[in-house]
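Novice: File follows, input.tsv with TSV, C-alpha atoms:
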chain	number	residue	atom	x	y	z
A	1	MET	CA	24.85	-86.80	-57.32
A	2	ILE	CA	27.12	-87.37	-60.30
A	3	PRO	CA	27.51	-84.21	-62.39
A	4	GLN	CA	26.12	-84.91	-65.86
A	5	ARG	CA	29.11	-83.57	-67.74
A	6	ILE	CA	32.05	-84.40	-69.97
A	7	SER	CA	34.57	-81.73	-69.04
A	8	LEU	CA	37.54	-82.94	-70.97
A	9	LEU	CA	38.16	-85.47	-73.68
A	10	THR	CA	41.69	-86.82	-73.87
A	11	ILE	CA	43.00	-88.70	-76.86
A	12	GLY	CA	45.78	-91.04	-75.80
A	13	THR	CA	48.31	-90.40	-78.51
A	14	GLU	CA	51.25	-92.33	-79.90
A	15	ASN	CA	52.97	-89.12	-81.02
A	16	VAL	CA	51.96	-85.80	-79.47
A	17	PRO	CA	53.84	-83.51	-81.92
A	18	VAL	CA	52.36	-85.15	-85.03
A	19	LEU	CA	48.81	-85.19	-83.70
A	20	ARG	CA	49.10	-81.65	-82.31
A	21	ALA	CA	50.31	-80.40	-85.69
A	22	PHE	CA	47.22	-81.91	-87.30
A	23	TYR	CA	44.79	-80.09	-84.97
A	24	GLN	CA	46.79	-76.90	-85.37
A	25	ARG	CA	46.35	-77.26	-89.14
A	26	LEU	CA	42.61	-77.17	-88.54
A	27	GLY	CA	43.24	-73.66	-87.26
A	28	TRP	CA	42.38	-74.63	-83.69
A	29	GLU	CA	43.65	-72.56	-80.79
A	30	GLU	CA	45.38	-74.12	-77.77
A	31	THR	CA	44.91	-73.15	-74.15
A	32	ALA	CA	47.63	-71.56	-72.05
A	33	ILE	CA	48.25	-74.76	-70.13
A	34	SER	CA	49.53	-76.70	-73.13
A	35	SER	CA	53.06	-78.01	-72.77
A	36	ASP	CA	55.45	-80.06	-74.90
A	37	GLU	CA	53.86	-83.30	-73.79
A	38	TYR	CA	50.28	-82.16	-73.35
A	39	ALA	CA	48.24	-80.27	-75.94
A	40	VAL	CA	44.91	-78.81	-74.83
A	41	PHE	CA	42.60	-77.23	-77.42
A	42	LYS	CA	39.59	-75.06	-76.67
A	43	THR	CA	36.32	-76.40	-78.03
A	44	ALA	CA	32.68	-75.48	-77.51
A	45	GLY	CA	31.76	-76.88	-74.12
A	46	VAL	CA	34.56	-79.35	-73.58
A	47	LEU	CA	38.31	-79.27	-73.97
A	48	LEU	CA	40.08	-81.66	-76.33
A	49	SER	CA	43.45	-82.80	-75.06
A	50	LEU	CA	46.21	-85.02	-76.36
A	51	TYR	CA	48.36	-86.94	-73.91
A	52	PRO	CA	50.66	-89.95	-74.30
A	53	LEU	CA	48.87	-93.28	-74.07
A	54	LYS	CA	51.51	-94.62	-71.71
A	55	LYS	CA	50.97	-91.75	-69.27
A	56	ILE	CA	47.26	-92.43	-69.18
A	57	GLU	CA	48.01	-96.08	-68.53
A	58	GLU	CA	50.17	-95.03	-65.58
A	59	ASP	CA	47.56	-92.62	-64.23
A	60	ALA	CA	44.68	-95.06	-64.51
A	61	GLY	CA	46.63	-98.21	-63.66
A	62	ILE	CA	45.49	-100.04	-66.77
A	63	GLN	CA	46.88	-101.29	-70.05
A	64	PHE	CA	45.25	-100.44	-73.34
A	65	THR	CA	45.28	-103.38	-75.69
A	66	ALA	CA	45.67	-102.99	-79.41
A	67	ALA	CA	45.81	-99.25	-78.95
A	68	THR	CA	47.74	-98.73	-82.14
A	69	GLY	CA	46.89	-99.40	-85.73
A	70	GLY	CA	43.11	-99.58	-86.02
A	71	TYR	CA	40.32	-97.03	-86.00
A	72	LYS	CA	39.31	-96.05	-82.49
A	73	PRO	CA	35.73	-96.90	-81.42
A	74	VAL	CA	34.84	-93.47	-80.04
A	75	THR	CA	33.74	-90.94	-82.63
A	76	LEU	CA	33.62	-87.18	-82.22
A	77	ALA	CA	31.34	-84.87	-84.14
A	78	ILE	CA	31.54	-81.27	-85.30
A	79	ASN	CA	27.93	-80.20	-85.88
A	80	VAL	CA	27.33	-77.21	-88.13
A	81	GLU	CA	24.40	-74.82	-88.53
A	82	GLU	CA	23.95	-75.01	-92.34
A	83	ARG	CA	23.79	-77.94	-94.76
A	84	GLU	CA	26.40	-76.37	-97.07
A	85	MET	CA	28.83	-75.98	-94.18
A	86	VAL	CA	29.45	-79.75	-94.18
A	87	ASP	CA	31.03	-79.49	-97.62
A	88	ALA	CA	32.88	-76.27	-96.83
A	89	VAL	CA	34.33	-77.69	-93.62
A	90	MET	CA	35.38	-80.93	-95.34
A	91	LEU	CA	37.27	-78.94	-97.97
A	92	LYS	CA	39.29	-77.28	-95.21
A	93	ILE	CA	39.81	-80.61	-93.51
A	94	LYS	CA	41.21	-82.08	-96.72
A	95	GLN	CA	43.68	-79.23	-96.84
A	96	ALA	CA	44.84	-80.25	-93.35
A	97	ASP	CA	45.86	-83.67	-94.74
A	98	ALA	CA	43.15	-85.59	-92.96
A	99	GLU	CA	42.21	-89.06	-94.15
A	100	ILE	CA	38.80	-88.64	-95.77
A	101	LEU	CA	36.61	-91.61	-94.87
A	102	LYS	CA	33.32	-90.49	-96.42
A	103	GLU	CA	32.68	-87.48	-98.62
A	104	PRO	CA	29.55	-85.49	-97.65
A	105	TYR	CA	26.32	-87.38	-98.29
A	106	GLU	CA	22.64	-87.03	-97.49
A	107	ALA	CA	21.71	-89.11	-94.45
A	108	PHE	CA	18.46	-91.06	-94.40
A	109	TRP	CA	17.23	-88.98	-91.44
A	110	GLY	CA	17.37	-85.71	-93.37
A	111	GLY	CA	20.81	-84.44	-92.45
A	112	ARG	CA	24.11	-84.28	-94.30
A	113	ILE	CA	27.22	-85.98	-92.95
A	114	ALA	CA	30.85	-86.75	-93.75
A	115	TYR	CA	33.65	-88.59	-91.98
A	116	PHE	CA	37.40	-88.10	-91.61
A	117	ALA	CA	40.20	-89.53	-89.45
A	118	ASP	CA	43.11	-87.77	-87.80
A	119	PRO	CA	46.66	-89.17	-88.19
A	120	GLU	CA	46.11	-91.71	-85.40
A	121	LYS	CA	42.77	-92.88	-86.80
A	122	ASN	CA	40.52	-91.08	-84.37
A	123	VAL	CA	37.23	-90.84	-86.24
A	124	TRP	CA	35.39	-87.53	-86.65
A	125	GLU	CA	32.01	-86.81	-88.20
A	126	VAL	CA	31.00	-83.46	-89.67
A	127	ALA	CA	27.24	-83.23	-89.46
A	128	TYR	CA	24.33	-81.00	-90.32
A	129	ASN	CA	21.10	-81.93	-88.57
A	130	PRO	CA	18.12	-79.73	-89.45
A	131	ASP	CA	16.89	-79.99	-85.85
A	132	SER	CA	20.15	-78.93	-84.19
A	133	VAL	CA	20.03	-76.12	-81.64
A	134	PHE	CA	23.28	-74.37	-80.68
A	135	ASP	CA	24.12	-71.98	-77.89
A	136	GLU	CA	25.96	-68.69	-78.30
A	137	ARG	CA	29.35	-70.45	-78.12
A	138	GLY	CA	28.52	-73.06	-80.72
A	139	ALA	CA	27.82	-75.89	-78.26
A	140	MET	CA	24.99	-78.13	-79.36
A	141	LEU	CA	22.13	-77.97	-76.87
A	142	SER	CA	19.92	-80.59	-78.47
A	143	PHE	CA	18.81	-82.08	-81.74
B	144	MET	CA	37.02	-72.07	-91.13
B	145	ILE	CA	36.57	-75.25	-89.14
B	146	PRO	CA	34.36	-74.70	-86.08
B	147	GLN	CA	36.45	-75.43	-82.98
B	148	ARG	CA	33.91	-77.68	-81.34
B	149	ILE	CA	33.09	-81.22	-80.25
B	150	SER	CA	29.32	-81.29	-80.51
B	151	LEU	CA	28.68	-84.92	-79.84
B	152	LEU	CA	30.69	-87.81	-78.55
B	153	THR	CA	29.48	-91.25	-79.61
B	154	ILE	CA	30.62	-94.43	-77.95
B	155	GLY	CA	30.38	-97.31	-80.37
B	156	THR	CA	28.81	-99.95	-78.19
B	157	GLU	CA	28.65	-103.73	-78.27
B	158	ASN	CA	25.37	-103.75	-76.31
B	159	VAL	CA	23.25	-100.60	-76.18
B	160	PRO	CA	20.82	-101.76	-73.42
B	161	VAL	CA	23.60	-102.78	-71.02
B	162	LEU	CA	25.62	-99.62	-71.53
B	163	ARG	CA	22.55	-97.38	-71.43
B	164	ALA	CA	21.50	-98.97	-68.13
B	165	PHE	CA	24.91	-98.11	-66.69
B	166	TYR	CA	24.65	-94.42	-67.57
B	167	GLN	CA	21.07	-94.36	-66.33
B	168	ARG	CA	22.36	-95.74	-63.01
B	169	LEU	CA	24.57	-92.65	-62.77
B	170	GLY	CA	21.30	-90.73	-62.65
B	171	TRP	CA	21.89	-89.18	-66.06
B	172	GLU	CA	18.95	-87.88	-68.07
B	173	GLU	CA	18.43	-88.78	-71.72
B	174	THR	CA	17.31	-86.45	-74.48
B	175	ALA	CA	13.97	-86.79	-76.24
B	176	ILE	CA	15.58	-88.19	-79.38
B	177	SER	CA	16.79	-91.39	-77.71
B	178	SER	CA	15.44	-94.57	-79.25
B	179	ASP	CA	15.86	-98.29	-78.63
B	180	GLU	CA	19.06	-98.41	-80.62
B	181	TYR	CA	20.40	-94.94	-79.86
B	182	ALA	CA	20.83	-93.46	-76.39
B	183	VAL	CA	21.64	-89.75	-76.14
B	184	PHE	CA	22.46	-88.24	-72.76
B	185	LYS	CA	22.62	-84.53	-71.97
B	186	THR	CA	25.97	-83.34	-70.65
B	187	ALA	CA	27.52	-79.95	-70.04
B	188	GLY	CA	28.51	-78.65	-73.45
B	189	VAL	CA	28.43	-81.84	-75.49
B	190	LEU	CA	26.05	-84.74	-75.82
B	191	LEU	CA	27.16	-88.28	-75.03
B	192	SER	CA	25.60	-90.89	-77.27
B	193	LEU	CA	25.74	-94.66	-77.54
B	194	TYR	CA	25.31	-96.29	-80.92
B	195	PRO	CA	26.16	-99.78	-82.22
B	196	LEU	CA	29.74	-100.13	-83.42
B	197	LYS	CA	28.59	-101.85	-86.59
B	198	LYS	CA	26.32	-98.96	-87.51
B	199	ILE	CA	29.20	-96.51	-87.15
B	200	GLU	CA	31.29	-98.76	-89.35
B	201	GLU	CA	28.55	-98.63	-91.98
B	202	ASP	CA	28.17	-94.85	-91.71
B	203	ALA	CA	31.88	-94.12	-91.89
B	204	GLY	CA	32.81	-96.91	-94.30
B	205	ILE	CA	35.52	-98.29	-92.03
B	206	GLN	CA	36.20	-101.31	-89.86
B	207	PHE	CA	37.25	-100.96	-86.26
B	208	THR	CA	39.89	-103.48	-85.34
B	209	ALA	CA	40.07	-105.07	-81.92
B	210	ALA	CA	37.10	-102.98	-80.87
B	211	THR	CA	36.11	-105.42	-78.17
B	212	GLY	CA	37.85	-106.58	-75.06
B	213	GLY	CA	40.43	-103.98	-74.15
B	214	TYR	CA	40.33	-100.55	-72.59
B	215	LYS	CA	39.56	-97.85	-75.14
B	216	PRO	CA	42.26	-95.21	-75.73
B	217	VAL	CA	40.01	-92.16	-75.41
B	218	THR	CA	39.35	-91.03	-71.86
B	219	LEU	CA	36.54	-88.77	-70.71
B	220	ALA	CA	36.65	-86.61	-67.61
B	221	ILE	CA	34.07	-85.31	-65.17
B	222	ASN	CA	35.68	-82.29	-63.52
B	223	VAL	CA	34.28	-81.15	-60.18
B	224	GLU	CA	34.44	-77.86	-58.30
B	225	GLU	CA	35.63	-79.16	-54.89
B	226	ARG	CA	38.38	-81.57	-53.86
B	227	GLU	CA	36.00	-83.61	-51.67
B	228	MET	CA	33.60	-84.05	-54.57
B	229	VAL	CA	36.00	-86.51	-56.19
B	230	ASP	CA	35.47	-88.94	-53.33
B	231	ALA	CA	31.73	-88.28	-53.11
B	232	VAL	CA	31.25	-88.82	-56.83
B	233	MET	CA	33.32	-92.02	-56.81
B	234	LEU	CA	31.14	-93.42	-54.02
B	235	LYS	CA	28.08	-92.93	-56.22
B	236	ILE	CA	29.89	-94.42	-59.17
B	237	LYS	CA	30.72	-97.53	-57.18
B	238	GLN	CA	27.03	-97.90	-56.39
B	239	ALA	CA	26.37	-97.90	-60.14
B	240	ASP	CA	28.54	-101.05	-60.48
B	241	ALA	CA	31.36	-99.33	-62.32
B	242	GLU	CA	34.77	-100.96	-62.46
B	243	ILE	CA	36.96	-98.85	-60.18
B	244	LEU	CA	40.40	-98.43	-61.76
B	245	LYS	CA	41.97	-96.01	-59.27
B	246	GLU	CA	40.56	-94.81	-55.99
B	247	PRO	CA	40.89	-91.04	-55.43
B	248	TYR	CA	44.48	-89.89	-54.97
B	249	GLU	CA	46.43	-86.65	-54.85
B	250	ALA	CA	47.97	-85.85	-58.22
B	251	PHE	CA	51.49	-84.43	-58.41
B	252	TRP	CA	50.14	-81.23	-59.99
B	253	GLY	CA	48.00	-80.36	-56.99
B	254	GLY	CA	44.68	-81.89	-57.94
B	255	ARG	CA	42.81	-85.01	-56.87
B	256	ILE	CA	41.82	-87.69	-59.38
B	257	ALA	CA	40.24	-91.11	-59.68
B	258	TYR	CA	39.45	-93.46	-62.55
B	259	PHE	CA	36.65	-95.84	-63.42
B	260	ALA	CA	35.50	-97.82	-66.47
B	261	ASP	CA	32.00	-98.40	-67.80
B	262	PRO	CA	30.84	-101.95	-68.68
B	263	GLU	CA	32.53	-101.77	-72.10
B	264	LYS	CA	35.81	-100.48	-70.67
B	265	ASN	CA	35.44	-96.86	-71.69
B	266	VAL	CA	37.74	-95.03	-69.28
B	267	TRP	CA	36.53	-92.05	-67.23
B	268	GLU	CA	38.46	-89.79	-64.89
B	269	VAL	CA	36.90	-87.83	-62.04
B	270	ALA	CA	39.09	-84.82	-61.39
B	271	TYR	CA	39.45	-81.81	-59.15
B	272	ASN	CA	41.87	-79.20	-60.46
B	273	PRO	CA	42.31	-76.15	-58.22
B	274	ASP	CA	42.59	-73.94	-61.30
B	275	SER	CA	39.39	-75.14	-62.98
B	276	VAL	CA	36.87	-72.53	-64.11
B	277	PHE	CA	33.29	-73.63	-64.90
B	278	ASP	CA	30.44	-71.86	-66.60
B	279	GLU	CA	26.88	-71.65	-65.27
B	280	ARG	CA	25.99	-75.03	-66.81
B	281	GLY	CA	28.99	-76.85	-65.36
B	282	ALA	CA	31.06	-76.83	-68.56
B	283	MET	CA	34.77	-76.36	-67.92
B	284	LEU	CA	35.97	-73.15	-69.53
B	285	SER	CA	39.65	-73.54	-68.72
B	286	PHE	CA	42.11	-74.82	-66.17
Could you express the structure from this file as structure tokens?
Specialist:
Amino acid sequence: MIPQRISLLTIGTENVPVLRAFYQRLGWEETAISSDEYAVFKTAGVLLSLYPLKKIEEDAGIQFTAATGGYKPVTLAINVEEREMVDAVMLKIKQADAEILKEPYEAFWGGRIAYFADPEKNVWEVAYNPDSVFDERGAMLSF
Amino acid sequence: MIPQRISLLTIGTENVPVLRAFYQRLGWEETAISSDEYAVFKTAGVLLSLYPLKKIEEDAGIQFTAATGGYKPVTLAINVEEREMVDAVMLKIKQADAEILKEPYEAFWGGRIAYFADPEKNVWEVAYNPDSVFDERGAMLSF
């Protein structure tokens, strides 16, 4: 049986210090196992980690192609409990020098969403979905 | 304050039915909100969803470059509680027609890891870390 879980999400980064500084500017707390070359942030349910692309290529025995430059085709979402929180969170994200891709707007399905990118063009969505259910730690159980 | 959470991870996919069939072959259960064009799988802590790349481009107002072909520079991990589970899980993953990137091996830091890719070259790691701590739902709290 394959455990139905994503334990850890690792962004292969071109520059750990620059990307780490961005997530620190969000006010996010790192775990004790972070090191100079490896930044691991606590999140609700999973851990977000930053690790050099080349090291991942070594570990996995692969080569990423066109890893630099463009937007990355995996998007991450921060879901919030209140519609107004989308705007409030995006204000804070602007202050962290994120690239704002889409200012908050009403989605056709009844929610409110916005998009930003981190300094290496990893795409994040901030979303309010009226049907979201969260657990006590802020992890989204369903929607 | 920016909630320190990854609520939802969305893989921008070139072919939803093919990729959905792969994750179904892992034995993973979908949520009730899945539709023909949008597959949402339960995981520990976050939700994994598959959605067409082009739709994400529309939503976020961006264009992904070189989105097809190569390995994607975000890696996801399934952490397991026992060293032997890495091998057991990889056997099941092989049966799901995954591309095996690295058979299980002992990592220099004392764990055991393996790598595979899904049909659109999203890279997954299966990992045992002797210092991992899991919650009651299988979410990794720390390591």
Novice: Of the candidates A:Gly27, A:Gly138, A:Val74, A:Thr43, which shows the shortest atom-to-atom distance to Gly155 in chain B, using only C-alpha atoms?
Specialist: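 For Gly155 in chain B, the nearest of the given residues is A:Val74.
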Novice: Kindly indicate which residue among A:Asn129, A:Gln95, A:Thr10, A:Asn122 lies nearest to Pro52 in chain A, using only C-alpha atoms for the distances.
Specialist: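 The shortest atom-to-atom distance to Pro52 in chain A comes from A:Thr10.
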Novice: Using all atoms listed in the file, which residues sit within 8 Å of Ala96 in chain A once same-chain residues fewer than 3 positions away are excluded, as a list in words?
Specialist: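 Skipping anything fewer than 3 positions along the chain leaves Phe22, Arg25, Leu26, Lys92 and Ile93 of chain A.
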Novice: Using CA of Pro160 in chain B and CA of Asp240 in chain B as the two end points, give the distance in Å to one decimal.
Specialist: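 Separating CA of Pro160 in chain B from CA of Asp240 in chain B is a distance of 15.1 Å.
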Novice: Given the choices B:Asn158, B:Gln206, B:Gln147, B:Ser177, which gets closest to Leu101 in chain A if the distance is worked out from all atoms listed in the file?
Specialist: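 Counting all atoms listed in the file, the residue closest to Leu101 in chain A is B:Gln206.
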Novice: So, counting all atoms listed in the file, which residue among A:Ala139, A:Ala39, A:Ala117, A:Val133 is closest to chain B?
Specialist: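 Among A:Ala139, A:Ala39, A:Ala117, A:Val133, it is A:Ala139 that comes nearest to chain B.
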Novice: What does the distance between CA of Thr156 in chain B and CA of Lys197 in chain B come to in Å, to one decimal place?
Specialist: 8.6 Å
Novice: Please report the interatomic distance between CA of Leu162 in chain B and CA of Phe184 in chain B in Å with one decimal.
Specialist: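 CA of Phe184 in chain B lies at a distance of 11.9 Å from CA of Leu162 in chain B.
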Novice: Given all atoms listed in the file as the basis, pick out the residue of B:Gly253, B:Glu242, B:Asp179, B:Tyr258 nearest to chain A.
Specialist: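 For chain A, the nearest of the given residues is B:Tyr258.
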Novice: Which residue, B:Glu157, B:Glu173, B:Arg163, B:Val232, has the smallest gap to Ile199 in chain B when you use all atoms listed in the file?
Specialist: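 Nearest candidate to Ile199 in chain B out of B:Glu157, B:Glu173, B:Arg163, B:Val232: B:Glu157.
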